[in-house]
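Notes follow the structure.
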Amino acid sequence: MRKKEKLQSTKTEFVKAYEAQQYEDLIYQEWEKSGFFNPDNLSGHGKNFTISMPPPNATGILHVGHASALTYEDLIIRYKRLQGYQTLFLPGTDHAAIATQTKVEKILAEEGTDRHSLGRTKFLARVKKYIAQSQDTIRQQIRKIGVSCDWSRERYTFDQGLSQAVSESFIRMYNDGLIYRGNRIVNWCPRCASTLADDEVEHQEKNSKFYYLKYGPFIVATTRPETKLADTGVAVHPSDKRYQKYIGQILDIDLAGHKITVKVFANKEVDPKFGSGVVGVTPAHSSADFDFAQRHKLEFIKLINEEGKILDAGGKYKSLTVLEARKKFVKDLKAAGQIKKIEDIKNNLSLCYRCGALIEPLPSEQWFVAVDQKIPGRQKTLKQLAIEAVRNKEIKILPSRFEKIYYHWMENLHDWCISRQIWWGHRIPVWYQEDKIYVGLKPPKNKNWIQDEDTLDTWFSSSLWTFSTLGWPEKTKDLKNFHPTQVMETGYDILFFWVARMILMTEYLLGQKPFGTVYLHGMIRDKQGRKMSKSLDNGIDPLEMSNKFGTDALRLSLVIGSSPGADLRIYEEKIAGYRNFVNKLWNISRFIFSSVDEIKIIKKQPPAKTLSDQWILAEFNNLIKNVTDNLDNFKFSQAGEELYEFTWNKLADWYLEIAKIEKNKDETLLYILERLLILWHPFTPFVTEVIWRSFKAKDLLMIQSWPQARKIDSKIKKDFSELQELVIKIRNLKAENKIPPVDLPNCHLKSKILKDSELNIIAKLARVNLVDKFSEAKSFSTSYSRGWINLAKEMSQTEKEKLQKYISSLENKLNNSQFINNAPQQIIKDTQKKLKLAKNKLR
RNA sequence: GGGCGCUUGGCUCAGUUGGUUAGAGCGUCUCGUUUACACCGAGAAGGUCGGGGGUUCGACUCCCUCAGCGCCCACCA
């Protein structure tokens, strides 16, 4: 608690450069202590706004991808909080079944043991212990990013309440006939020793061998010769003349001494032109063949076991691994003269998305979610509900092209295999007693019921995340207040794994959409556009960057330049650039605070005394409007760019410089700074909160009110840009003529629209000596003004040429009768006006 | 095999429903210490907007086509 005392007693010291490390942890503590991360402590207009944090893996460490997601999420939340919403940002972690189990198994292996020798109970205890410490690391890392989430509501997918929600969902779905147990070909990862869902299998194109085998009267081409040991069928195209006579026959085939019996059948899906035009069918080890086998009533022979080894059916190849068996079988076939040829072919390998091991399709009895089954009482399937939610626009996906991808995926979704053979996960709430099955939270009291050994797919529990975290299935106040949530912010890479399944499950269980808008961010890449990976060692550690450049700079580098669905490159120079900006904001504040008589809150917009006041207030109101519009439309980058442009190029470069000359701008400066800090706060929460402390306000910046834009006079902009144009013109002339900045050449200025006081400002900014009379006729002009200056030459040659080119392009346009006849009147008028102004300039 | 995205100065990117002389940051070059900031200021150079064709009075923006890069989906053995 010493740190807090230190915070309260330390005033913000305005040293020359902002040092983020000095403030960030203390500011975060102050926010947390305030209780305003919890919506119950916020007083606003009473409307709620919720984001569920996509839960990071409980054993993970935060990488820059997390940092980017958390930044967008926190940005939205802080914006909404400033707008007066009761905002809930609910944090948590995921037990990440396979990923976690794999990690702990690795540790065990290093210790020279494994989960089987430990036993289920001890193993699970070990996993829990490991997770507890890891979760704590993540919590601290999330804080480091400045995330304003409600820690009092933190959840974990393995919490008791959430586990209850998982069982409850399973039971309801089972009772509605939406979960069933079936014997089917599943994706089996021999390394993880578990099934995987279809979308957990990754495909990778690889160069493979395509073996043409002499196979009875046929030639059969295959990339996996060893599976032919368990063929029970042969498929040909119905109209393929070569093989008509065999259709319907049952043939005994000898493959290098291994005997198989196959039934020949015709199927339209066989392409007579591919390979040999004959397909050997292995019902037990290919899902396509499995379908054939069911339709044509073929026998199933299980050849490969769960460890990827050959079973008894493989005869002399028994106990070999798949690859060993292939090698030996091919050798035997060669010796028997049964290999006609071997081609090189590009082939898709199926790999486990977690560990990269080769997937074996195996027949197995597993639990499935039936996506095409009508839901009792609703006349619709899960798939239909999930498609309609997006089609009806009740859920909007950004960027919208992902809606099409979503439909395509949903429409082609097969039943979802949800049982896993790993230990770490939610145990399936099913009990067996001899041939009976009981589905429920607890087994019946009588006799010995034994629970299903398997656990549930980790995505099953995460699909309930938006509401299981709020207390469902209990009818809690939180569930009523904060569900459905408003925004789901996550990466496009888990659109199917997670987003789609949340929609599907929430529609079924609650009859609600889990969220209104899905904002999908892109992947983070290095400067060359490569994925960050351990092997390339090109990863950017967000915490290291935060320590080096400050969290605010890191956040800016992740937001500005990003657009939804597009990958984002990140590298140190970029972050350093935003560190410079944060320092600029700091110094702007430093200047304002040191130049005003008293630092105070200005409630009403101060009256503008000069053109520059009018201009900066107009620009500022314009900024408020644009930032608000952009944030409302999820255009975070655009909002940030406009803030950046205003702060640096308008406020600092022009208005502050003029303030040094015109004086008496305390109120305007303070009025703008105060509100500018609020606008920046969602992007750069730390530095803005630090600066804010100098206002000595009662409350933290994070709960101030988002400013409202006032009406602006568009004429002001024109007058002020005339002033800017003259300053720039004179500076150019001085630079081109090698007049040192400190020299003040005589200059005479005349303007149709600028007052003498304004011309004086110009003289100071451009560093010339203003005189009334001027003999030497070295002149220059802008659209509305004229000047004479004591320089070697006037308008530079390049500038003249540029202008001449511009003038002739405008003249050509206006002389073109097609243009005069077809273009809208306004465009023609504008063009004429531009020509007149350009000619004035040249004069 | 389908589908999608990207290609704008040396680098990283903006460019809203077609209508200023195509912008920014970084980098480069020149100059510079003026009551915040050298993590700074002033100025400059640098682009036929991937190639070709079309629609239009007018195309970075719309259409077609080609090329390169990338991603997703798919049971072609």
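A note on labels: chains of the structure tokens are A, B, ... as shown, every chain counts residues from 1, and ligands are counted from 1 in their shown order.
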Contact set, chain B to chain A: 9 Å, only C-alpha atoms (C1' of nucleotides), as a PyMOL selection string: chain B and resi 3-5+12-14+19-21+24-26+30-32+34-37+39+41-44+57-58+72-73+75-77
Written selection (C-alpha atoms (C1' of nucleotides)) as a PDB file, in the first residue's frame:
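Here's the written file result.pdb:
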ATOM      1  C1'   G B   3     -14.075 -18.076 -52.724  1.00  0.00           C
ATOM      2  C1'   C B   4     -11.791 -13.658 -50.856  1.00  0.00           C
ATOM      3  C1'   G B   5      -8.170  -9.881 -50.046  1.00  0.00           C
ATOM      4  C1'   U B  12       4.741   1.433 -43.459  1.00  0.00           C
ATOM      5  C1'   C B  13       0.035   2.970 -44.741  1.00  0.00           C
ATOM      6  C1'   A B  14      -4.639   6.697 -45.619  1.00  0.00           C
ATOM      7  C1'   G B  19     -15.308  15.686 -59.489  1.00  0.00           C
ATOM      8  C1'   U B  20      -8.952  20.101 -55.578  1.00  0.00           C
ATOM      9  C1'   U B  21      -2.417  20.439 -58.461  1.00  0.00           C
ATOM     10  C1'   A B  24       0.389  11.162 -43.825  1.00  0.00           C
ATOM     11  C1'   G B  25       4.275   9.054 -40.619  1.00  0.00           C
ATOM     12  C1'   C B  26       9.223   7.119 -40.882  1.00  0.00           C
ATOM     13  C1'   U B  30      18.993  21.889 -46.424  1.00  0.00           C
ATOM     14  C1'   C B  31      18.516  25.339 -42.529  1.00  0.00           C
ATOM     15  C1'   G B  32      17.707  26.175 -37.316  1.00  0.00           C
ATOM     16  C1'   U B  34      12.472  31.791 -31.068  1.00  0.00           C
ATOM     17  C1'   U B  35       9.103  31.911 -23.180  1.00  0.00           C
ATOM     18  C1'   A B  36       6.498  23.457 -24.348  1.00  0.00           C
ATOM     19  C1'   C B  37       8.914  19.647 -26.882  1.00  0.00           C
ATOM     20  C1'   C B  39      11.062  12.100 -28.542  1.00  0.00           C
ATOM     21  C1'   G B  41      10.918  23.523 -35.359  1.00  0.00           C
ATOM     22  C1'   A B  42      11.081  25.575 -40.674  1.00  0.00           C
ATOM     23  C1'   G B  43      11.750  24.171 -45.681  1.00  0.00           C
ATOM     24  C1'   A B  44      12.829  20.659 -49.842  1.00  0.00           C
ATOM     25  C1'   C B  57     -17.307  15.347 -69.783  1.00  0.00           C
ATOM     26  C1'   G B  58     -14.023  13.379 -65.797  1.00  0.00           C
ATOM     27  C1'   C B  72      -9.737 -19.051 -46.316  1.00  0.00           C
ATOM     28  C1'   C B  73     -12.698 -23.195 -47.729  1.00  0.00           C
ATOM     29  C1'   C B  75     -13.812 -36.297 -48.770  1.00  0.00           C
ATOM     30  C1'   C B  76     -10.636 -35.922 -55.796  1.00  0.00           C
ATOM     31  C1'   A B  77      -8.751 -41.438 -54.368  1.00  0.00           C
TER      32        A B  77
END
Near G53 of chain B, within 12 Å and counting only C-alpha atoms (C1' of nucleotides), which residues show up once chain neighbours fewer than 2 positions away are dropped, as an MDAnalysis selection string? chainID B and resid 51 55 63:66
Could you find all residues in segment 438-599 of chain A that DSSP calls strand (DSSP E or B) from the backbone, and write them as a ChimeraX atom specification? /A:438-439,450-451,455-456,485-491,515-521,524-525,531,568-569
Dump of N, CA and C atoms for the selected residues, as an mmCIF file, in the first residue's frame:
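The file below, out_0.cif, is the result:
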data_model
loop_
_atom_site.group_PDB
_atom_site.id
_atom_site.type_symbol
_atom_site.label_atom_id
_atom_site.label_comp_id
_atom_site.auth_asym_id
_atom_site.auth_seq_id
_atom_site.Cartn_x
_atom_site.Cartn_y
_atom_site.Cartn_z
ATOM 1 N N TYR A 438 -27.328 -42.847 -18.561
ATOM 2 C CA TYR A 438 -28.057 -41.826 -17.833
ATOM 3 C C TYR A 438 -27.381 -40.484 -18.074
ATOM 4 N N VAL A 439 -28.180 -39.497 -18.441
ATOM 5 C CA VAL A 439 -27.632 -38.172 -18.693
ATOM 6 C C VAL A 439 -28.168 -37.216 -17.649
ATOM 7 N N ILE A 450 -21.025 -45.482 -13.766
ATOM 8 C CA ILE A 450 -19.662 -45.025 -14.080
ATOM 9 C C ILE A 450 -19.731 -43.892 -15.095
ATOM 10 N N GLN A 451 -19.052 -42.787 -14.772
ATOM 11 C CA GLN A 451 -19.131 -41.622 -15.663
ATOM 12 C C GLN A 451 -18.308 -41.825 -16.935
ATOM 13 N N THR A 455 -13.984 -35.948 -22.081
ATOM 14 C CA THR A 455 -14.277 -34.562 -21.737
ATOM 15 C C THR A 455 -14.815 -33.848 -22.973
ATOM 16 N N LEU A 456 -15.257 -32.618 -22.761
ATOM 17 C CA LEU A 456 -15.864 -31.890 -23.877
ATOM 18 C C LEU A 456 -14.869 -30.976 -24.571
ATOM 19 N N THR A 485 -24.691 -8.971 -25.057
ATOM 20 C CA THR A 485 -23.623 -7.985 -25.047
ATOM 21 C C THR A 485 -23.709 -7.176 -26.341
ATOM 22 N N GLN A 486 -22.982 -6.079 -26.396
ATOM 23 C CA GLN A 486 -23.101 -5.216 -27.567
ATOM 24 C C GLN A 486 -22.074 -5.552 -28.655
ATOM 25 N N VAL A 487 -20.840 -5.732 -28.246
ATOM 26 C CA VAL A 487 -19.783 -5.909 -29.238
ATOM 27 C C VAL A 487 -18.943 -7.142 -28.897
ATOM 28 N N MET A 488 -18.627 -7.910 -29.912
ATOM 29 C CA MET A 488 -17.650 -8.978 -29.764
ATOM 30 C C MET A 488 -16.462 -8.613 -30.632
ATOM 31 N N GLU A 489 -15.340 -8.379 -29.983
ATOM 32 C CA GLU A 489 -14.132 -7.998 -30.709
ATOM 33 C C GLU A 489 -13.180 -9.171 -30.657
ATOM 34 N N THR A 490 -12.818 -9.704 -31.811
ATOM 35 C CA THR A 490 -11.902 -10.842 -31.812
ATOM 36 C C THR A 490 -11.251 -10.985 -33.182
ATOM 37 N N GLY A 491 -10.332 -11.928 -33.309
ATOM 38 C CA GLY A 491 -9.606 -12.096 -34.565
ATOM 39 C C GLY A 491 -10.402 -12.923 -35.568
ATOM 40 N N PHE A 515 -24.391 -11.106 -29.117
ATOM 41 C CA PHE A 515 -23.820 -9.757 -29.282
ATOM 42 C C PHE A 515 -24.446 -9.129 -30.517
ATOM 43 N N GLY A 516 -24.316 -7.812 -30.606
ATOM 44 C CA GLY A 516 -24.920 -7.106 -31.731
ATOM 45 C C GLY A 516 -23.964 -6.938 -32.900
ATOM 46 N N THR A 517 -22.723 -6.647 -32.591
ATOM 47 C CA THR A 517 -21.732 -6.411 -33.638
ATOM 48 C C THR A 517 -20.497 -7.263 -33.383
ATOM 49 N N VAL A 518 -20.018 -7.876 -34.431
ATOM 50 C CA VAL A 518 -18.754 -8.605 -34.340
ATOM 51 C C VAL A 518 -17.703 -7.786 -35.076
ATOM 52 N N TYR A 519 -16.695 -7.337 -34.353
ATOM 53 C CA TYR A 519 -15.598 -6.607 -34.987
ATOM 54 C C TYR A 519 -14.409 -7.547 -35.073
ATOM 55 N N LEU A 520 -14.016 -7.878 -36.294
ATOM 56 C CA LEU A 520 -12.915 -8.830 -36.470
ATOM 57 C C LEU A 520 -11.631 -8.093 -36.821
ATOM 58 N N HIS A 521 -10.639 -8.221 -35.961
ATOM 59 C CA HIS A 521 -9.360 -7.594 -36.285
ATOM 60 C C HIS A 521 -8.468 -8.577 -37.043
ATOM 61 N N ILE A 524 -1.410 -9.805 -36.419
ATOM 62 C CA ILE A 524 -0.264 -8.918 -36.303
ATOM 63 C C ILE A 524 0.938 -9.566 -36.986
ATOM 64 N N ARG A 525 1.619 -8.787 -37.769
ATOM 65 C CA ARG A 525 2.780 -9.321 -38.497
ATOM 66 C C ARG A 525 4.009 -8.448 -38.271
ATOM 67 N N LYS A 531 4.311 -13.729 -40.325
ATOM 68 C CA LYS A 531 3.702 -14.083 -39.046
ATOM 69 C C LYS A 531 4.784 -14.098 -37.983
ATOM 70 N N LEU A 568 -1.947 -6.369 -39.696
ATOM 71 C CA LEU A 568 -1.254 -5.139 -39.318
ATOM 72 C C LEU A 568 0.218 -5.423 -39.052
ATOM 73 N N ARG A 569 1.067 -4.614 -39.653
ATOM 74 C CA ARG A 569 2.510 -4.789 -39.401
ATOM 75 C C ARG A 569 2.923 -3.911 -38.235
#
Atom-to-atom span, atom CA of Asn746 of chain A and atom CA of Val768 of chain A, Å: 6.0 Å
To test your reading of the structure, identify every residue in segment 739-777 of chain A that backbone DSSP assigns to alpha helix (DSSP H), and report it as a ChimeraX atom specification. /A:756-766
Between atom CA of Ser34 of chain A and atom CA of Asp150 of chain A, distance in Å (one decimal):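 Distance between the two atoms: 11.5 Å.
Picture a line from atom CA of Arg184 of chain A to atom CA of Pro361 of chain A; it runs 9.6 Å.
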Would you list the contacts of Phe460 of chain A as a PyMOL selection string, taking every protein, DNA or RNA residue within 10 Å and counting only C-alpha atoms (C1' of nucleotides), but skipping same-chain residues closer than 4 positions in sequence? chain A and resi 166+169-170+369+416+418-419+426+456+464-465+497-498+501-502+505
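Look at segment 539-544 of chain A: the protein and nucleic acid residues within 9 Å of it, using only C-alpha atoms (C1' of nucleotides) and passing over chain neighbours fewer than 3 places away, are Leu62, His63, Val64, Gly65, His66, Ala67, Gln141, Lys144, Ile145, Arg525, Asp526, Lys531, Met532, Ser533, Lys534, Leu536, Asn547, Lys548, Phe549, Thr551, Leu554, Ile570, Tyr571 and Glu572 of chain A.
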Any idea what's packed within 12 Å of G47 of chain B, counting only C-alpha atoms (C1' of nucleotides), ignoring anything in its chain fewer than 3 positions away? Could you give it as a list in words?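 Close residues of G47 of chain B: U8, G9, G10, A22, G23 and C60 of chain B.
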Neighbouring residues of C6 of chain B were defined as those with any atom within 12 Å, considering only C-alpha atoms (C1' of nucleotides); residues of the same chain fewer than 4 positions away were excluded. Please report them as an mmCIF file with all heavy atoms, in the first residue's frame.
data_model
loop_
_atom_site.group_PDB
_atom_site.id
_atom_site.type_symbol
_atom_site.label_atom_id
_atom_site.label_comp_id
_atom_site.auth_asym_id
_atom_site.auth_seq_id
_atom_site.Cartn_x
_atom_site.Cartn_y
_atom_site.Cartn_z
ATOM 1 N N GLY A 529 5.920 -8.400 -43.032
ATOM 2 C CA GLY A 529 4.617 -9.000 -43.269
ATOM 3 C C GLY A 529 4.555 -10.467 -42.891
ATOM 4 O O GLY A 529 3.603 -11.156 -43.211
ATOM 5 N N ALA A 566 -7.998 -6.630 -41.637
ATOM 6 C CA ALA A 566 -6.732 -6.533 -42.362
ATOM 7 C C ALA A 566 -5.577 -6.760 -41.399
ATOM 8 O O ALA A 566 -5.592 -6.265 -40.275
ATOM 9 C CB ALA A 566 -6.602 -5.175 -43.025
ATOM 10 N N ASP A 567 -4.584 -7.487 -41.863
ATOM 11 C CA ASP A 567 -3.420 -7.738 -41.024
ATOM 12 C C ASP A 567 -2.650 -6.440 -40.811
ATOM 13 O O ASP A 567 -2.710 -5.531 -41.628
ATOM 14 C CB ASP A 567 -2.521 -8.789 -41.678
ATOM 15 C CG ASP A 567 -3.214 -10.152 -41.695
ATOM 16 O OD1 ASP A 567 -4.307 -10.255 -41.109
ATOM 17 O OD2 ASP A 567 -2.669 -11.081 -42.295
ATOM 18 P P G B 50 -1.745 0.570 -58.562
ATOM 19 O OP1 G B 50 -3.024 0.646 -59.277
ATOM 20 O OP2 G B 50 -1.644 -0.081 -57.244
ATOM 21 O "O5'" G B 50 -0.675 -0.082 -59.527
ATOM 22 C "C5'" G B 50 0.707 -0.085 -59.187
ATOM 23 C "C4'" G B 50 1.412 -1.102 -60.043
ATOM 24 O "O4'" G B 50 1.144 -2.420 -59.512
ATOM 25 C "C3'" G B 50 0.923 -1.172 -61.488
ATOM 26 O "O3'" G B 50 1.534 -0.189 -62.296
ATOM 27 C "C2'" G B 50 1.323 -2.590 -61.870
ATOM 28 O "O2'" G B 50 2.704 -2.685 -62.135
ATOM 29 C "C1'" G B 50 0.989 -3.338 -60.583
ATOM 30 N N9 G B 50 -0.403 -3.804 -60.566
ATOM 31 C C8 G B 50 -1.405 -3.413 -59.713
ATOM 32 N N7 G B 50 -2.550 -3.989 -59.961
ATOM 33 C C5 G B 50 -2.281 -4.829 -61.047
ATOM 34 C C6 G B 50 -3.136 -5.713 -61.752
ATOM 35 O O6 G B 50 -4.333 -5.951 -61.562
ATOM 36 N N1 G B 50 -2.457 -6.362 -62.780
ATOM 37 C C2 G B 50 -1.142 -6.187 -63.082
ATOM 38 N N2 G B 50 -0.668 -6.902 -64.110
ATOM 39 N N3 G B 50 -0.324 -5.361 -62.436
ATOM 40 C C4 G B 50 -0.962 -4.724 -61.431
ATOM 41 P P G B 68 2.066 -14.859 -62.119
ATOM 42 O OP1 G B 68 3.076 -15.895 -62.367
ATOM 43 O OP2 G B 68 0.652 -15.244 -61.912
ATOM 44 O "O5'" G B 68 2.532 -13.965 -60.889
ATOM 45 C "C5'" G B 68 3.884 -13.496 -60.821
ATOM 46 C "C4'" G B 68 4.010 -12.523 -59.689
ATOM 47 O "O4'" G B 68 3.117 -11.392 -59.929
ATOM 48 C "C3'" G B 68 3.563 -13.041 -58.332
ATOM 49 O "O3'" G B 68 4.549 -13.823 -57.695
ATOM 50 C "C2'" G B 68 3.280 -11.736 -57.588
ATOM 51 O "O2'" G B 68 4.461 -11.081 -57.186
ATOM 52 C "C1'" G B 68 2.600 -10.920 -58.690
ATOM 53 N N9 G B 68 1.147 -11.104 -58.679
ATOM 54 C C8 G B 68 0.388 -11.883 -59.525
ATOM 55 N N7 G B 68 -0.893 -11.848 -59.247
ATOM 56 C C5 G B 68 -0.980 -10.995 -58.152
ATOM 57 C C6 G B 68 -2.111 -10.565 -57.408
ATOM 58 O O6 G B 68 -3.297 -10.862 -57.574
ATOM 59 N N1 G B 68 -1.749 -9.707 -56.373
ATOM 60 C C2 G B 68 -0.466 -9.316 -56.100
ATOM 61 N N2 G B 68 -0.324 -8.490 -55.058
ATOM 62 N N3 G B 68 0.598 -9.695 -56.791
ATOM 63 C C4 G B 68 0.268 -10.531 -57.788
ATOM 64 P P C B 69 4.086 -15.036 -56.739
ATOM 65 O OP1 C B 69 5.283 -15.844 -56.432
ATOM 66 O OP2 C B 69 2.892 -15.693 -57.333
ATOM 67 O "O5'" C B 69 3.630 -14.269 -55.422
ATOM 68 C "C5'" C B 69 4.568 -13.495 -54.683
ATOM 69 C "C4'" C B 69 3.855 -12.720 -53.608
ATOM 70 O "O4'" C B 69 2.877 -11.824 -54.223
ATOM 71 C "C3'" C B 69 3.005 -13.557 -52.659
ATOM 72 O "O3'" C B 69 3.776 -14.199 -51.660
ATOM 73 C "C2'" C B 69 2.066 -12.494 -52.096
ATOM 74 O "O2'" C B 69 2.703 -11.672 -51.147
ATOM 75 C "C1'" C B 69 1.761 -11.672 -53.352
ATOM 76 N N1 C B 69 0.539 -12.151 -54.035
ATOM 77 C C2 C B 69 -0.708 -11.758 -53.510
ATOM 78 O O2 C B 69 -0.734 -11.029 -52.512
ATOM 79 N N3 C B 69 -1.849 -12.183 -54.106
ATOM 80 C C4 C B 69 -1.783 -12.976 -55.178
ATOM 81 N N4 C B 69 -2.924 -13.370 -55.725
ATOM 82 C C5 C B 69 -0.534 -13.406 -55.725
ATOM 83 C C6 C B 69 0.589 -12.971 -55.131
ATOM 84 P P G B 70 3.306 -15.660 -51.149
ATOM 85 O OP1 G B 70 4.389 -16.155 -50.285
ATOM 86 O OP2 G B 70 2.840 -16.475 -52.300
ATOM 87 O "O5'" G B 70 2.023 -15.335 -50.259
ATOM 88 C "C5'" G B 70 2.170 -14.559 -49.077
ATOM 89 C "C4'" G B 70 0.820 -14.118 -48.588
ATOM 90 O "O4'" G B 70 0.111 -13.401 -49.631
ATOM 91 C "C3'" G B 70 -0.158 -15.216 -48.221
ATOM 92 O "O3'" G B 70 0.142 -15.811 -46.972
ATOM 93 C "C2'" G B 70 -1.460 -14.423 -48.185
ATOM 94 O "O2'" G B 70 -1.555 -13.627 -47.026
ATOM 95 C "C1'" G B 70 -1.287 -13.512 -49.406
ATOM 96 N N9 G B 70 -1.953 -14.076 -50.591
ATOM 97 C C8 G B 70 -1.374 -14.689 -51.674
ATOM 98 N N7 G B 70 -2.265 -15.085 -52.565
ATOM 99 C C5 G B 70 -3.483 -14.715 -52.024
ATOM 100 C C6 G B 70 -4.799 -14.875 -52.524
ATOM 101 O O6 G B 70 -5.172 -15.398 -53.580
ATOM 102 N N1 G B 70 -5.753 -14.360 -51.651
ATOM 103 C C2 G B 70 -5.473 -13.768 -50.448
ATOM 104 N N2 G B 70 -6.512 -13.337 -49.728
ATOM 105 N N3 G B 70 -4.237 -13.602 -49.968
ATOM 106 C C4 G B 70 -3.306 -14.093 -50.808
ATOM 107 P P C B 71 -0.380 -17.322 -46.696
ATOM 108 O OP1 C B 71 0.302 -17.780 -45.473
ATOM 109 O OP2 C B 71 -0.273 -18.127 -47.943
ATOM 110 O "O5'" C B 71 -1.919 -17.107 -46.390
ATOM 111 C "C5'" C B 71 -2.318 -16.362 -45.245
ATOM 112 C "C4'" C B 71 -3.806 -16.112 -45.294
ATOM 113 O "O4'" C B 71 -4.162 -15.459 -46.544
ATOM 114 C "C3'" C B 71 -4.683 -17.354 -45.304
ATOM 115 O "O3'" C B 71 -4.833 -17.912 -44.014
ATOM 116 C "C2'" C B 71 -5.993 -16.782 -45.846
ATOM 117 O "O2'" C B 71 -6.685 -16.042 -44.871
ATOM 118 C "C1'" C B 71 -5.476 -15.839 -46.931
ATOM 119 N N1 C B 71 -5.432 -16.473 -48.268
ATOM 120 C C2 C B 71 -6.633 -16.616 -48.973
ATOM 121 O O2 C B 71 -7.688 -16.213 -48.446
ATOM 122 N N3 C B 71 -6.628 -17.185 -50.209
ATOM 123 C C4 C B 71 -5.480 -17.597 -50.723
ATOM 124 N N4 C B 71 -5.521 -18.155 -51.950
ATOM 125 C C5 C B 71 -4.239 -17.482 -50.035
ATOM 126 C C6 C B 71 -4.254 -16.910 -48.821
#
